[in-house]
>>> print(open('work-v2.csv').read())   # CSV, C-alpha atoms and all ligand atoms
chain,number,residue,atom,x,y,z
A,1,MET,CA,0.0,0.0,0.0
A,2,ASN,CA,1.6,3.2,-1.2
A,3,ASN,CA,0.8,6.9,-1.3
A,4,LYS,CA,-2.6,6.7,0.4
A,5,LYS,CA,-3.8,9.3,2.8
A,6,ILE,CA,-4.9,7.8,6.1
A,7,VAL,CA,-6.6,9.7,8.9
A,8,ILE,CA,-6.3,8.1,12.4
A,9,ALA,CA,-8.6,9.6,15.0
A,10,GLY,CA,-7.4,8.9,18.6
A,11,GLY,CA,-4.1,8.0,17.0
A,12,THR,CA,-1.9,9.3,19.8
A,13,GLY,CA,-2.3,6.1,21.8
A,14,PHE,CA,-0.8,2.6,21.7
A,15,ILE,CA,-2.6,1.2,18.6
A,16,GLY,CA,-2.6,4.5,16.8
A,17,GLN,CA,1.1,5.0,17.0
A,18,ALA,CA,1.7,1.4,16.0
A,19,LEU,CA,-0.5,1.9,12.9
A,20,ALA,CA,1.3,5.2,12.1
A,21,ALA,CA,4.7,3.3,12.2
A,22,PHE,CA,3.2,0.5,10.1
A,23,PHE,CA,1.8,2.7,7.4
A,24,GLY,CA,3.7,5.9,7.8
A,25,ARG,CA,6.8,5.3,5.7
A,26,ASN,CA,4.9,4.8,2.4
A,27,ASN,CA,1.7,6.7,3.1
A,28,GLU,CA,0.6,10.1,4.4
A,29,ILE,CA,-0.7,9.9,8.0
A,30,VAL,CA,-2.9,12.5,9.7
A,31,ILE,CA,-3.5,11.9,13.4
A,32,LEU,CA,-6.4,13.6,15.2
A,33,GLY,CA,-5.8,14.0,18.9
A,34,ARG,CA,-6.9,16.2,21.8
A,35,HIS,CA,-3.6,16.2,23.6
A,36,LEU,CA,-0.6,16.5,21.3
A,37,SER,CA,2.0,17.8,23.7
A,38,GLY,CA,3.7,15.9,26.6
A,39,LYS,CA,3.5,12.6,24.7
A,40,LYS,CA,6.3,10.7,23.0
A,41,LEU,CA,4.8,10.6,19.4
A,42,LEU,CA,6.2,9.6,16.1
A,43,THR,CA,7.2,12.5,13.9
A,44,ALA,CA,8.6,13.4,10.5
A,45,VAL,CA,12.1,13.5,12.1
A,46,ASP,CA,11.8,9.7,12.6
A,47,GLY,CA,11.2,9.3,8.8
A,48,TYR,CA,7.4,9.1,8.8
A,49,ARG,CA,5.1,11.1,6.7
A,50,ILE,CA,3.0,12.2,9.6
A,51,GLN,CA,1.0,15.2,10.7
A,52,TYR,CA,-0.9,15.9,13.9
A,53,LEU,CA,-4.2,17.9,14.0
A,54,ARG,CA,-6.0,18.9,17.1
A,55,TRP,CA,-9.7,17.9,17.5
A,56,ASP,CA,-12.0,17.6,20.5
A,57,GLY,CA,-13.6,14.3,19.5
A,58,LEU,CA,-16.9,16.0,19.7
A,59,ARG,CA,-17.6,18.7,17.1
A,60,VAL,CA,-16.7,18.9,13.4
A,61,GLU,CA,-14.2,21.6,12.7
A,62,LYS,CA,-13.0,22.7,9.3
A,63,SER,CA,-9.3,22.2,10.3
A,64,TRP,CA,-9.6,18.4,10.6
A,65,ALA,CA,-12.7,17.8,8.4
A,66,GLN,CA,-10.6,19.0,5.4
A,67,ALA,CA,-8.2,16.2,6.1
A,68,ILE,CA,-11.0,13.7,5.9
A,69,ASP,CA,-12.3,15.0,2.6
A,70,GLY,CA,-10.5,13.1,-0.2
A,71,CYS,CA,-8.6,10.8,2.1
A,72,ASP,CA,-8.4,7.0,1.4
A,73,MET,CA,-9.0,5.6,4.8
A,74,VAL,CA,-10.3,6.8,8.2
A,75,ILE,CA,-9.4,4.8,11.3
A,76,ASN,CA,-11.2,5.7,14.5
A,77,LEU,CA,-9.5,4.6,17.8
A,78,ALA,CA,-10.7,7.4,20.1
A,79,GLY,CA,-12.0,6.4,23.5
A,80,LYS,CA,-11.4,7.0,27.1
A,81,SER,CA,-9.3,4.1,28.5
A,82,VAL,CA,-11.5,1.5,30.3
A,83,ASN,CA,-8.6,1.0,32.7
A,84,CYS,CA,-10.2,3.1,35.5
A,85,ARG,CA,-12.8,2.7,38.3
A,86,TYR,CA,-16.3,2.4,36.8
A,87,THR,CA,-17.7,5.4,38.7
A,88,PRO,CA,-20.8,7.0,37.1
A,89,LYS,CA,-18.6,9.9,35.7
A,90,ASN,CA,-16.0,7.5,34.2
A,91,LYS,CA,-18.7,5.3,32.8
A,92,GLN,CA,-20.3,8.2,31.0
A,93,ALA,CA,-17.0,9.3,29.7
A,94,ILE,CA,-16.2,5.8,28.4
A,95,PHE,CA,-19.5,5.8,26.5
A,96,ASP,CA,-19.5,9.4,25.3
A,97,SER,CA,-15.9,9.4,24.1
A,98,ARG,CA,-16.6,6.5,21.7
A,99,THR,CA,-20.1,7.6,20.5
A,100,ASP,CA,-19.3,11.3,20.2
A,101,SER,CA,-16.1,10.7,18.2
A,102,THR,CA,-17.9,8.2,15.9
A,103,ARG,CA,-20.7,10.7,15.3
A,104,ALA,CA,-18.3,13.6,14.6
A,105,LEU,CA,-16.4,11.5,12.0
A,106,GLY,CA,-19.7,10.4,10.5
A,107,LEU,CA,-20.8,14.0,10.0
A,108,ALA,CA,-17.5,15.0,8.5
A,109,ILE,CA,-17.6,12.0,6.1
A,110,ARG,CA,-21.2,12.8,5.2
A,111,ASP,CA,-20.3,16.4,4.2
A,112,ALA,CA,-17.1,15.5,2.4
A,113,VAL,CA,-17.0,16.3,-1.3
A,114,THR,CA,-14.9,13.2,-1.9
A,115,PRO,CA,-15.8,10.8,1.0
A,116,PRO,CA,-13.1,8.3,2.1
A,117,LYS,CA,-13.1,4.9,0.5
A,118,VAL,CA,-12.9,3.0,3.8
A,119,TRP,CA,-13.8,3.8,7.4
A,120,ILE,CA,-12.6,1.4,10.1
A,121,ASN,CA,-14.0,2.0,13.6
A,122,ALA,CA,-12.4,0.3,16.6
A,123,ALA,CA,-14.8,-1.9,18.5
A,124,SER,CA,-14.0,-4.6,21.1
A,125,ALA,CA,-14.0,-8.4,21.4
A,126,THR,CA,-15.4,-7.7,24.9
A,127,ILE,CA,-18.8,-7.3,23.3
A,128,TYR,CA,-19.2,-11.1,23.8
A,129,ARG,CA,-20.5,-12.6,27.0
A,130,HIS,CA,-18.2,-14.1,29.7
A,131,ALA,CA,-17.7,-17.5,28.0
A,132,GLU,CA,-16.3,-20.6,29.7
A,133,ASP,CA,-18.3,-23.1,27.7
A,134,HIS,CA,-17.6,-22.4,24.1
A,135,PRO,CA,-16.0,-19.8,21.8
A,136,GLN,CA,-17.9,-16.8,20.4
A,137,ASP,CA,-17.7,-15.5,16.9
A,138,GLU,CA,-19.5,-13.0,14.6
A,139,TYR,CA,-22.1,-15.6,13.5
A,140,THR,CA,-23.2,-17.2,16.8
A,141,GLY,CA,-21.7,-15.0,19.5
A,142,GLU,CA,-23.9,-14.1,22.4
A,143,PHE,CA,-24.0,-10.8,24.4
A,144,GLU,CA,-24.8,-10.0,28.0
A,145,ASP,CA,-25.9,-6.7,29.3
A,146,ASP,CA,-23.1,-5.8,31.7
A,147,PHE,CA,-21.5,-2.4,31.5
A,148,SER,CA,-18.7,-3.2,29.1
A,149,VAL,CA,-21.0,-5.1,26.7
A,150,GLN,CA,-23.4,-2.1,26.7
A,151,VAL,CA,-20.5,0.2,25.8
A,152,CYS,CA,-19.5,-2.1,22.9
A,153,LYS,CA,-23.0,-2.4,21.6
A,154,LYS,CA,-23.7,1.4,21.7
A,155,TRP,CA,-20.3,2.0,20.0
A,156,GLU,CA,-21.1,-0.3,17.2
A,157,GLU,CA,-24.7,0.9,16.9
A,158,THR,CA,-23.6,4.5,16.6
A,159,PHE,CA,-21.1,3.5,13.9
A,160,GLU,CA,-23.8,1.6,12.0
A,161,GLN,CA,-26.1,4.6,12.2
A,162,GLN,CA,-23.7,6.9,10.3
A,163,ARG,CA,-24.8,7.2,6.8
A,164,ALA,CA,-21.9,7.0,4.4
A,165,PRO,CA,-23.1,5.4,1.2
A,166,PHE,CA,-19.8,5.9,-0.7
A,167,THR,CA,-17.6,4.6,2.1
A,168,ARG,CA,-17.0,1.0,3.0
A,169,LYS,CA,-17.5,0.7,6.8
A,170,ILE,CA,-15.8,-1.9,9.0
A,171,ALA,CA,-16.1,-2.4,12.7
A,172,LEU,CA,-13.2,-4.3,14.2
A,173,ARG,CA,-13.8,-6.2,17.4
A,174,ILE,CA,-10.3,-6.0,18.6
A,175,ALA,CA,-9.0,-8.5,21.2
A,176,ILE,CA,-6.4,-7.6,23.9
A,177,THR,CA,-3.6,-6.4,21.8
A,178,LEU,CA,0.0,-7.6,22.5
A,179,GLY,CA,2.7,-5.0,21.7
A,180,ASN,CA,5.1,-2.6,23.3
A,181,GLY,CA,2.4,-0.7,25.3
A,182,GLY,CA,-1.2,-1.4,26.2
A,183,VAL,CA,-1.6,-4.4,28.5
A,184,PHE,CA,2.1,-5.2,28.3
A,185,THR,CA,2.9,-2.3,30.5
A,186,PRO,CA,1.4,-3.8,33.7
A,187,TYR,CA,2.6,-7.3,32.7
A,188,LEU,CA,6.2,-6.1,32.7
A,189,ARG,CA,5.7,-4.9,36.3
A,190,LEU,CA,4.1,-8.2,37.4
A,191,LEU,CA,7.0,-10.1,35.9
A,192,LYS,CA,9.6,-7.9,37.5
A,193,PHE,CA,8.1,-8.4,41.0
A,194,GLY,CA,7.4,-12.1,40.7
A,195,LEU,CA,3.6,-11.7,40.5
A,196,SER,CA,3.0,-13.3,37.1
A,197,GLY,CA,1.1,-16.3,38.3
A,198,ARG,CA,-2.5,-17.1,37.3
A,199,GLN,CA,-5.1,-14.5,38.1
A,200,GLY,CA,-8.2,-15.6,39.9
A,201,ASN,CA,-8.8,-19.3,39.2
A,202,GLY,CA,-6.9,-18.9,35.9
A,203,ARG,CA,-9.7,-20.7,34.0
A,204,GLN,CA,-11.0,-17.6,32.3
A,205,MET,CA,-10.1,-17.6,28.6
A,206,TYR,CA,-7.8,-15.0,27.1
A,207,SER,CA,-8.2,-13.9,23.5
A,208,TRP,CA,-5.4,-11.8,22.2
A,209,VAL,CA,-3.9,-10.5,18.9
A,210,HIS,CA,-0.4,-9.4,18.1
A,211,ILE,CA,-0.2,-5.7,17.2
A,212,ASP,CA,1.5,-6.6,13.8
A,213,ASP,CA,-1.4,-8.8,12.9
A,214,LEU,CA,-3.9,-6.0,13.8
A,215,CYS,CA,-2.0,-3.6,11.5
A,216,ARG,CA,-1.8,-6.3,8.8
A,217,ALA,CA,-5.5,-7.1,9.1
A,218,ILE,CA,-6.4,-3.4,8.6
A,219,LYS,CA,-4.2,-3.2,5.5
A,220,TRP,CA,-5.7,-6.5,4.2
A,221,ILE,CA,-9.3,-5.3,4.7
A,222,TYR,CA,-8.5,-2.0,3.0
A,223,GLU,CA,-7.3,-3.9,0.0
A,224,ARG,CA,-10.4,-6.1,-0.4
A,225,ASN,CA,-13.3,-4.1,-1.7
A,226,ARG,CA,-15.8,-6.8,-0.9
A,227,LEU,CA,-15.2,-6.7,2.9
A,228,GLU,CA,-17.5,-4.7,5.1
A,229,GLY,CA,-19.4,-5.1,8.4
A,230,VAL,CA,-18.1,-6.6,11.6
A,231,TYR,CA,-14.9,-8.6,12.0
A,232,ASN,CA,-13.2,-10.1,15.1
A,233,VAL,CA,-9.5,-9.5,15.2
A,234,CYS,CA,-7.9,-12.1,17.5
A,235,SER,CA,-5.6,-15.0,17.2
A,236,PRO,CA,-7.3,-18.2,16.3
A,237,HIS,CA,-5.7,-19.8,19.3
A,238,PRO,CA,-6.9,-18.2,22.5
A,239,LEU,CA,-5.8,-19.9,25.8
A,240,SER,CA,-6.7,-19.8,29.4
A,241,ASN,CA,-5.4,-17.1,31.7
A,242,LYS,CA,-3.3,-19.7,33.6
A,243,GLU,CA,-1.7,-20.9,30.3
A,244,PHE,CA,-1.1,-17.4,29.2
A,245,MET,CA,0.6,-16.4,32.4
A,246,ARG,CA,2.7,-19.5,32.3
A,247,THR,CA,3.7,-18.7,28.7
A,248,LEU,CA,4.5,-15.1,29.7
A,249,ARG,CA,6.9,-16.4,32.4
A,250,LYS,CA,8.5,-19.0,30.1
A,251,ALA,CA,9.1,-16.5,27.3
A,252,SER,CA,10.5,-13.9,29.7
A,253,GLY,CA,12.8,-16.3,31.6
A,254,HIS,CA,10.9,-16.2,34.9
A,255,ARG,CA,10.6,-19.5,36.7
A,256,ILE,CA,8.3,-18.3,39.5
A,257,GLY,CA,5.2,-16.1,39.5
A,258,LEU,CA,2.9,-15.9,42.5
A,259,PRO,CA,-0.8,-16.3,41.7
A,260,ALA,CA,-3.2,-13.5,42.4
A,261,PHE,CA,-6.3,-14.8,44.1
A,262,THR,CA,-9.6,-13.0,43.3
A,263,TRP,CA,-9.6,-11.2,46.7
A,264,MET,CA,-6.1,-9.9,46.0
A,265,LEU,CA,-7.1,-8.7,42.6
A,266,LYS,CA,-10.1,-6.9,44.1
A,267,LEU,CA,-8.0,-5.2,46.7
A,268,GLY,CA,-5.2,-4.4,44.1
A,269,ALA,CA,-7.7,-3.1,41.6
A,270,TRP,CA,-9.2,-0.8,44.2
A,271,LEU,CA,-5.8,0.4,45.2
A,272,ILE,CA,-4.7,1.3,41.7
A,273,GLY,CA,-8.1,2.6,40.6
A,274,THR,CA,-9.2,0.0,38.1
A,275,GLU,CA,-11.7,-3.0,37.8
A,276,THR,CA,-11.1,-6.7,38.2
A,277,GLU,CA,-13.5,-7.4,35.2
A,278,LEU,CA,-10.6,-6.5,32.9
A,279,ILE,CA,-8.7,-9.5,34.2
A,280,LEU,CA,-11.4,-11.9,35.3
A,281,LYS,CA,-13.8,-11.8,32.3
A,282,SER,CA,-13.5,-15.0,30.2
A,283,ARG,CA,-13.0,-13.7,26.7
A,284,TRP,CA,-13.2,-16.7,24.3
A,285,VAL,CA,-13.4,-15.3,20.8
A,286,LEU,CA,-12.5,-16.6,17.4
A,287,PRO,CA,-11.7,-14.7,14.1
A,288,THR,CA,-14.1,-16.8,12.0
A,289,LYS,CA,-15.0,-14.1,9.4
A,290,LEU,CA,-11.5,-12.9,8.8
A,291,GLN,CA,-10.2,-16.5,8.4
A,292,ASP,CA,-13.2,-17.4,6.1
A,293,ALA,CA,-12.2,-14.4,4.0
A,294,GLY,CA,-8.7,-15.7,3.7
A,295,PHE,CA,-6.7,-13.7,6.2
A,296,ILE,CA,-3.6,-15.5,7.6
A,297,PHE,CA,-2.4,-14.5,11.0
A,298,ARG,CA,1.4,-14.4,11.4
A,299,TYR,CA,1.2,-14.9,15.2
A,300,THR,CA,-1.2,-17.7,16.1
A,301,GLU,CA,0.6,-18.9,19.2
A,302,ALA,CA,0.9,-16.8,22.3
A,303,GLU,CA,4.5,-17.8,23.0
A,304,ASP,CA,5.7,-16.5,19.6
A,305,ALA,CA,3.7,-13.3,20.0
A,306,ILE,CA,5.1,-12.7,23.5
A,307,ARG,CA,8.7,-13.4,22.5
A,308,SER,CA,8.4,-11.0,19.6
A,309,VAL,CA,7.1,-8.2,21.9
A,310,LEU,CA,9.8,-8.9,24.5
A,311,GLU,CA,12.5,-8.7,21.9
A,312,LYS,CA,11.9,-5.0,21.6
A,313,ILE,CA,11.9,-4.3,25.4
A,314,PRO,CA,15.0,-4.0,27.5
A,315,ARG,CA,15.4,-6.9,29.9
A,316,ARG,CA,15.7,-4.6,32.9
A,317,LYS,CA,12.1,-3.6,32.5
A,318,TYR,CA,10.9,-7.1,33.4
A,319,HIS,CA,13.8,-8.4,35.6
A,320,LEU,CA,14.9,-7.0,38.9
A,321,PHE,CA,18.5,-7.8,38.2
A,401,LIG,N1,-5.3,-2.0,23.3
A,401,LIG,C1,-6.2,-3.0,23.4
A,401,LIG,O1,-5.9,-4.1,23.8
A,401,LIG,C2,-7.6,-2.8,22.8
A,401,LIG,C3,-8.4,-3.9,22.7
A,401,LIG,C4,-9.7,-3.8,22.2
A,401,LIG,C5,-10.2,-2.5,21.8
A,401,LIG,N2,-9.4,-1.4,21.9
A,401,LIG,C6,-9.9,-0.1,21.6
A,401,LIG,O2,-9.1,0.4,20.5
A,401,LIG,C7,-9.0,1.8,20.7
A,401,LIG,C8,-7.5,2.2,20.8
A,401,LIG,O3,-6.9,1.5,21.8
A,401,LIG,P1,-5.5,1.9,22.4
A,401,LIG,O4,-4.9,0.8,23.2
A,401,LIG,O5,-4.6,2.6,21.4
A,401,LIG,O6,-6.0,3.0,23.4
A,401,LIG,P2,-5.2,4.3,24.0
A,401,LIG,O7,-3.7,4.1,24.0
A,401,LIG,O8,-5.8,4.7,25.3
A,401,LIG,O9,-5.5,5.4,22.9
A,401,LIG,C9,-6.8,5.9,22.7
A,401,LIG,C10,-6.8,7.3,22.3
A,401,LIG,O10,-8.1,7.9,22.4
A,401,LIG,C11,-8.1,9.2,22.7
A,401,LIG,N3,-9.0,9.6,23.8
A,401,LIG,C12,-9.0,9.3,25.1
A,401,LIG,N4,-10.1,9.8,25.7
A,401,LIG,C13,-10.8,10.5,24.8
A,401,LIG,C14,-12.0,11.2,24.8
A,401,LIG,N5,-12.6,11.5,25.9
A,401,LIG,N6,-12.4,11.7,23.6
A,401,LIG,C15,-11.8,11.5,22.4
A,401,LIG,N7,-10.6,10.8,22.4
A,401,LIG,C16,-10.1,10.3,23.5
A,401,LIG,C17,-6.7,9.5,23.3
A,401,LIG,O11,-6.0,10.5,22.4
A,401,LIG,P3,-6.0,12.1,22.8
A,401,LIG,O12,-5.9,12.1,24.3
A,401,LIG,O13,-4.8,12.6,22.2
A,401,LIG,O14,-7.2,12.6,22.3
A,401,LIG,C18,-5.9,8.2,23.2
A,401,LIG,O15,-4.6,8.4,22.6
A,401,LIG,C19,-9.7,2.2,22.0
A,401,LIG,O16,-11.0,2.7,21.7
A,401,LIG,C20,-9.8,0.9,22.7
A,401,LIG,O17,-11.0,0.8,23.5
A,401,LIG,C21,-8.1,-1.6,22.4
>>> encode(input="work-v2.csv", output="structure tokens", more="lines below")
Ligand SMILES: NC(=O)c1ccc[n+]([C@@H]2O[C@H](COP(=O)([O-])OP(=O)(O)OC[C@H]3O[C@@H](n4cnc5c(N)ncnc54)[C@H](OP(=O)(O)O)[C@@H]3O)[C@@H](O)[C@H]2O)c1
Amino acid sequence: MNNKKIVIAGGTGFIGQALAAFFGRNNEIVILGRHLSGKKLLTAVDGYRIQYLRWDGLRVEKSWAQAIDGCDMVINLAGKSVNCRYTPKNKQAIFDSRTDSTRALGLAIRDAVTPPKVWINAASATIYRHAEDHPQDEYTGEFEDDFSVQVCKKWEETFEQQRAPFTRKIALRIAITLGNGGVFTPYLRLLKFGLSGRQGNGRQMYSWVHIDDLCRAIKWIYERNRLEGVYNVCSPHPLSNKEFMRTLRKASGHRIGLPAFTWMLKLGAWLIGTETELILKSRWVLPTKLQDAGFIFRYTEAEDAIRSVLEKIPRRKYHLF
């Protein structure tokens, strides 16, 4: 893929910067963000064709709407992190940041003289119910009505409601993404302090995707005109939390990792201002539609994925000595 113009809303975070690195040498990248200073962001100095524009994720403004007009692909990743206490205020912000940004992009695309060819909106594999019995996919997956599922449903509904007849729309139900950032940041700390044992009873399933495969899937979908709708993006081989933590220890050279019982997780989550659901929910998801369409994952086994992430991280970050 060369010389395309790609606008990434919410592109200042973990996935956005990885996409900018993936596409940004051969394509023109425009990142929309609210906070553009005080963050370590890729720039043209690093050899990327990249530009940052400020938006509020809420209202259409000419400054960024102009970038959407005539571009090839819009990718929307904007959303308040779910890694926080689910207070009423935070819950509202988690909802609003996703639906407001989706609506604002929808309006800009509707009013564009030359609408983008493709609009990819982030969604989440958390949309499926807590599943310990069998895996969930796009065809037969079931939903529950807890808070995170409601967020995911509303997010996808809002995306679906945006009228963009000349733009191919794809919602990506992304699984926990393994790369240098995101969930790996707390994992490095757990490894370092010998706390990388199973979490809770360890039987909850863990669906994941390597960041390179997420970037590759986006490129692959862009290049296939017939693809639209909802796609799960997760490795075809999810594993249990216990197996995942064991693999993490093996790949990082740690022999011991103390388990975290549910009560410890509850206390810990309260102390660091987050929710145990992020760890204890059983996410058992398969990428049926992507595989049916012919996509081949490069990282299907968690061990290979973890090793490839750790290769880029200095050892001192996950070892005490
Ligand atoms: N990482 C994963 O494992 C994973 C898995 C499934 C789904 N997802 C979804 O994929 C998207 C990107 O994930 P990520 O890991 O890159 O997240 P991230 O690092 O937290 O980045 C998200 C970006 O959203 C923007 N944002 C935050 N609050 C906002 C608000 N109130 N209004 C508008 N924009 C806001 C932020 O940019 P500014 O502050 O510059 O505006 C931030 O850089 C998220 O929506 C996430 O829910 C991620």
>>> atom_distance(input="work-v2.csv", atom1="atom CA of Ser235 of chain A", atom2="atom CA of His319 of chain A")
27.5 Å
>>> residues_near_ligand(input="work-v2.csv", ligand="ligand LIG 401 (chain A)", cutoff="6 Å", atoms="only C-alpha atoms and all ligand atoms", output="JSON, numbers by chain")
{"A": [10, 11, 12, 13, 14, 15, 16, 33, 34, 35, 36, 57, 77, 78, 79, 80, 81, 97, 122, 123, 124, 174, 175, 176, 177, 182]}
>>> write_last_selection(input="work-v2.csv", atoms="C-alpha atoms", output="PDB file, in the frame of the given file")
ATOM      1  CA  GLY A  10      -7.400   8.900  18.600  1.00  0.00           C
ATOM      2  CA  GLY A  11      -4.100   8.000  17.000  1.00  0.00           C
ATOM      3  CA  THR A  12      -1.900   9.300  19.800  1.00  0.00           C
ATOM      4  CA  GLY A  13      -2.300   6.100  21.800  1.00  0.00           C
ATOM      5  CA  PHE A  14      -0.800   2.600  21.700  1.00  0.00           C
ATOM      6  CA  ILE A  15      -2.600   1.200  18.600  1.00  0.00           C
ATOM      7  CA  GLY A  16      -2.600   4.500  16.800  1.00  0.00           C
ATOM      8  CA  GLY A  33      -5.800  14.000  18.900  1.00  0.00           C
ATOM      9  CA  ARG A  34      -6.900  16.200  21.800  1.00  0.00           C
ATOM     10  CA  HIS A  35      -3.600  16.200  23.600  1.00  0.00           C
ATOM     11  CA  LEU A  36      -0.600  16.500  21.300  1.00  0.00           C
ATOM     12  CA  GLY A  57     -13.600  14.300  19.500  1.00  0.00           C
ATOM     13  CA  LEU A  77      -9.500   4.600  17.800  1.00  0.00           C
ATOM     14  CA  ALA A  78     -10.700   7.400  20.100  1.00  0.00           C
ATOM     15  CA  GLY A  79     -12.000   6.400  23.500  1.00  0.00           C
ATOM     16  CA  LYS A  80     -11.400   7.000  27.100  1.00  0.00           C
ATOM     17  CA  SER A  81      -9.300   4.100  28.500  1.00  0.00           C
ATOM     18  CA  SER A  97     -15.900   9.400  24.100  1.00  0.00           C
ATOM     19  CA  ALA A 122     -12.400   0.300  16.600  1.00  0.00           C
ATOM     20  CA  ALA A 123     -14.800  -1.900  18.500  1.00  0.00           C
ATOM     21  CA  SER A 124     -14.000  -4.600  21.100  1.00  0.00           C
ATOM     22  CA  ILE A 174     -10.300  -6.000  18.600  1.00  0.00           C
ATOM     23  CA  ALA A 175      -9.000  -8.500  21.200  1.00  0.00           C
ATOM     24  CA  ILE A 176      -6.400  -7.600  23.900  1.00  0.00           C
ATOM     25  CA  THR A 177      -3.600  -6.400  21.800  1.00  0.00           C
ATOM     26  CA  GLY A 182      -1.200  -1.400  26.200  1.00  0.00           C
TER      27      GLY A 182
END
>>> residues_around(input="work-v2.csv", residues="segment 116-118 of chain A", least_positions_apart="3", cutoff="6 Å", atoms="all atoms listed in the file", output="ChimeraX atom specification")
/A:70-73,167-169
>>> residues_around(input="work-v2.csv", residues="Arg283 of chain A", least_positions_apart="5", cutoff="9 Å", atoms="all atoms listed in the file", output="ChimeraX atom specification")
/A:125-126,128-132,135-136,175,204-207,238
>>> atom_distance(input="work-v2.csv", atom1="atom CA of Gly268 of chain A", atom2="atom CA of Ala93 of chain A")
23.1 Å
>>> atom_distance(input="work-v2.csv", atom1="atom CA of Ala217 of chain A", atom2="atom CA of Thr247 of chain A")
24.6 Å
>>> closest_atom_pairs(input="work-v2.csv", of="segment 160-276 of chain A", to="segment 148-153 of chain A", cutoff="12 Å", atoms="all atoms listed in the file", output="Markdown table")
| residue | atom | partner | partner_atom | distance |
| --- | --- | --- | --- | --- |
| A:Glu160 | CA | A:Lys153 | CA | 10.4 |
| A:Ala171 | CA | A:Cys152 | CA | 10.8 |
| A:Leu172 | CA | A:Cys152 | CA | 11.0 |
| A:Arg173 | CA | A:Cys152 | CA | 8.9 |
| A:Ile174 | CA | A:Cys152 | CA | 10.9 |
| A:Val230 | CA | A:Lys153 | CA | 11.9 |
| A:Glu275 | CA | A:Ser148 | CA | 11.2 |
>>> build_atoms(input="work-v2.csv", residues="segment 41-52 of chain A", atoms="N, CA, C and O atoms", output="tab-separated table (two decimals), keeping the file's coordinate frame")
chain	number	residue	atom	x	y	z
A	41	LEU	N	5.56	10.99	20.65
A	41	LEU	CA	4.80	10.60	19.40
A	41	LEU	C	5.78	10.53	18.25
A	41	LEU	O	6.80	11.22	18.21
A	42	LEU	N	5.43	9.67	17.29
A	42	LEU	CA	6.20	9.60	16.10
A	42	LEU	C	6.16	10.88	15.31
A	42	LEU	O	5.10	11.50	15.26
A	43	THR	N	7.25	11.26	14.70
A	43	THR	CA	7.20	12.50	13.90
A	43	THR	C	7.95	12.31	12.60
A	43	THR	O	8.55	11.27	12.35
A	44	ALA	N	7.90	13.38	11.80
A	44	ALA	CA	8.60	13.40	10.50
A	44	ALA	C	10.09	13.17	10.70
A	44	ALA	O	10.76	12.57	9.84
A	45	VAL	N	10.62	13.62	11.83
A	45	VAL	CA	12.10	13.50	12.10
A	45	VAL	C	12.45	11.99	12.12
A	45	VAL	O	13.55	11.60	11.76
A	46	ASP	N	11.50	11.13	12.55
A	46	ASP	CA	11.80	9.70	12.60
A	46	ASP	C	11.62	9.04	11.21
A	46	ASP	O	11.69	7.82	11.08
A	47	GLY	N	11.33	9.85	10.20
A	47	GLY	CA	11.20	9.30	8.80
A	47	GLY	C	9.80	8.95	8.44
A	47	GLY	O	9.60	8.24	7.46
A	48	TYR	N	8.83	9.44	9.17
A	48	TYR	CA	7.40	9.10	8.80
A	48	TYR	C	6.77	10.33	8.18
A	48	TYR	O	7.09	11.49	8.50
A	49	ARG	N	5.85	10.03	7.27
A	49	ARG	CA	5.10	11.10	6.70
A	49	ARG	C	3.84	11.31	7.56
A	49	ARG	O	2.79	10.71	7.33
A	50	ILE	N	4.01	12.12	8.57
A	50	ILE	CA	3.00	12.20	9.60
A	50	ILE	C	2.71	13.62	10.05
A	50	ILE	O	3.63	14.43	10.13
A	51	GLN	N	1.46	13.88	10.30
A	51	GLN	CA	1.00	15.20	10.70
A	51	GLN	C	0.01	15.08	11.80
A	51	GLN	O	-0.79	14.12	11.79
A	52	TYR	N	0.01	15.99	12.76
A	52	TYR	CA	-0.90	15.90	13.90
A	52	TYR	C	-1.90	17.11	13.81
A	52	TYR	O	-1.46	18.24	13.62
